[in-house]
Amino acid sequence: SYVDTEIRYSIIQDKRDRRFQPTEGYRASFNQKLPLYSESPSLLNGLNYSAYQGFGENIIGSVKFYGRTINSLKSSEDVKRSERLSLPARYLRGFESGRVGPVDASDHVGGNYITALGFNAGLPKLLPNLTNADVSVFFDTANVWGVDYDGGIDDSNKIRSAFGVSVDWFTPIGPLNFSFSEDITSISTDK
């Protein structure tokens with residue numbers, strides 16, 4: 001058991017033309033977690049960036065970057081297992097959330113570093129009869145690496161990537177997303 005008290009904050013600049021289904025602009029954010037009191041303090045830094053550009057009425061391109069680092073503030077300690085980073089599935093579609101990166105005894109243990117870069121081409125006019133559904137073509141790349149507690153673990157510092165098609169369906173109960181993807185690069189322990 002342990003006790004942690006921390007402050008989390010974000011600095012955000014949002015220059016998109018609209019929050020929902022943007023067609024132009026960008027959104028950038030820096031976030032950080034600072035320990036106030038912790039038996040094993042660690043520092044988390046994160047950066048998110050999304051840029052949108054319309055190419056006529058038929059294509060809306062977007063680029064998204066996601067990066068995170070976490071490191072222990074005590075040189076003699078490692079980052080706690082519960083605080084290690086794992087990649088959310090929305091940044092690498094086609095792979096399970098938390099099932100990419102370093103593996104210790106067949107368990108995905110997360111890492112100290114994450115980067116993800118995604119390219120998306122939205123085709124809003126592809127299905128003109130379905131005004132509440134958008135189709136997109138995407139290419140996602142990402143990696144999780146760096147294990148501070150054991151130098152012998154292969155952290156598989158290899159870029160994972162996938163491409164595919166996604167459908168965003170806006171229903172009365174909320175938005176639903178369906179992705180059909182194929183991995184391009186992966187390793188045998190990825191799910």
# chains A, B, ... in the order shown; residues from 1 in each chain; ligands from 1
>>> closest_atom_pairs(of="stretch 82-140 of chain A", to="stretch 48-51 of chain A", cutoff="12 Å", atoms="only C-alpha atoms", output="tab-separated table")
residue	atom	partner	partner_atom	distance
A:Tyr91	CA	A:Asn48	CA	11.2
A:Ile114	CA	A:Asn48	CA	11.6
A:Thr115	CA	A:Asn48	CA	9.9
A:Ala116	CA	A:Asn48	CA	9.6
A:Leu117	CA	A:Tyr49	CA	9.5
A:Gly118	CA	A:Ser50	CA	9.3
A:Phe119	CA	A:Ala51	CA	9.9
A:Asn120	CA	A:Ala51	CA	10.3
A:Ala121	CA	A:Ala51	CA	11.9
>>> residues_around(residues="A:Trp169", least_positions_apart="5", cutoff="7 Å", atoms="only C-alpha atoms", output="JSON, numbers by chain")
{"A": [132, 133, 134, 175, 176, 177]}
>>> residues_around(residues="stretch 137-143 of chain A", least_positions_apart="4", cutoff="9 Å", atoms="only C-alpha atoms", output="PyMOL selection string")
chain A and resi 66+87+91-93+100-101+113-123+156-166+181+185
>>> write_last_selection(atoms="C-alpha atoms", output="compact mmCIF listing (two decimals), in the first residue's frame")
# COMPACT_ATOMS: atom_id res chain seq x y z
CA TYR A 66 0.55 11.83 -28.41
CA LEU A 87 -0.89 3.01 -24.93
CA TYR A 91 -3.91 6.01 -30.71
CA LEU A 92 -3.01 2.67 -32.35
CA ARG A 93 -6.19 1.21 -33.77
CA VAL A 100 1.88 -3.14 -26.77
CA GLY A 101 5.37 -2.69 -25.42
CA TYR A 113 7.95 6.43 -22.65
CA ILE A 114 5.15 6.54 -25.25
CA THR A 115 4.87 8.21 -28.61
CA ALA A 116 2.09 7.92 -31.16
CA LEU A 117 1.53 9.62 -34.50
CA GLY A 118 -1.63 9.23 -36.55
CA PHE A 119 -2.77 10.44 -39.95
CA ASN A 120 -6.46 10.51 -40.82
CA ALA A 121 -8.40 11.41 -43.97
CA GLY A 122 -12.06 12.03 -43.17
CA LEU A 123 -14.50 11.53 -46.02
CA SER A 156 11.04 -4.03 -28.12
CA ASN A 157 11.90 -0.55 -29.26
CA LYS A 158 10.18 -1.12 -32.58
CA ILE A 159 7.57 1.14 -34.15
CA ARG A 160 4.15 -0.49 -34.43
CA SER A 161 1.86 0.63 -37.23
CA ALA A 162 -1.55 -0.07 -38.70
CA PHE A 163 -3.83 1.25 -41.42
CA GLY A 164 -7.54 0.89 -41.93
CA VAL A 165 -10.99 2.38 -42.22
CA SER A 166 -13.11 3.73 -39.40
CA SER A 181 -7.58 -2.23 -39.41
CA THR A 185 4.50 -3.69 -38.24
>>> closest_residue(among="A:Val3, A:Val144, A:Ile11, A:Ala105", to="A:Thr69", atoms="only C-alpha atoms")
A:Val144
>>> closest_residue(among="A:Ile59, A:Tyr2, A:Tyr52, A:Gln32", to="A:Arg19", atoms="only C-alpha atoms")
A:Tyr52
>>> atom_distance(atom1="atom CA of A:Lys64", atom2="atom CA of A:Tyr9")
20.8 Å
>>> select_by_dssp(residues="stretch 2-184 of chain A", states="strand (DSSP E or B)", output="ChimeraX atom specification")
/A:4-14,25-38,42-55,59-72,85,103-104,107-108,111,113-123,133-145,160-171,174-184
>>> residues_around(residues="A:Ile7", least_positions_apart="6", cutoff="7 Å", atoms="only C-alpha atoms", output="PyMOL selection string")
chain A and resi 33-36
>>> closest_residue(among="A:Lys15, A:Lys74, A:Arg99, A:Arg8", to="A:Leu44", atoms="only C-alpha atoms")
A:Arg8
>>> closest_residue(among="A:Thr189, A:Phe180, A:Val79, A:Tyr149", to="A:Gly94", atoms="only C-alpha atoms")
A:Phe180
>>> atom_distance(atom1="atom CA of A:Leu43", atom2="atom CA of A:Arg81")
14.1 Å
>>> closest_residue(among="A:Gln13, A:Ser1, A:Ser62, A:Ser42", to="A:Ala28", atoms="only C-alpha atoms")
A:Gln13
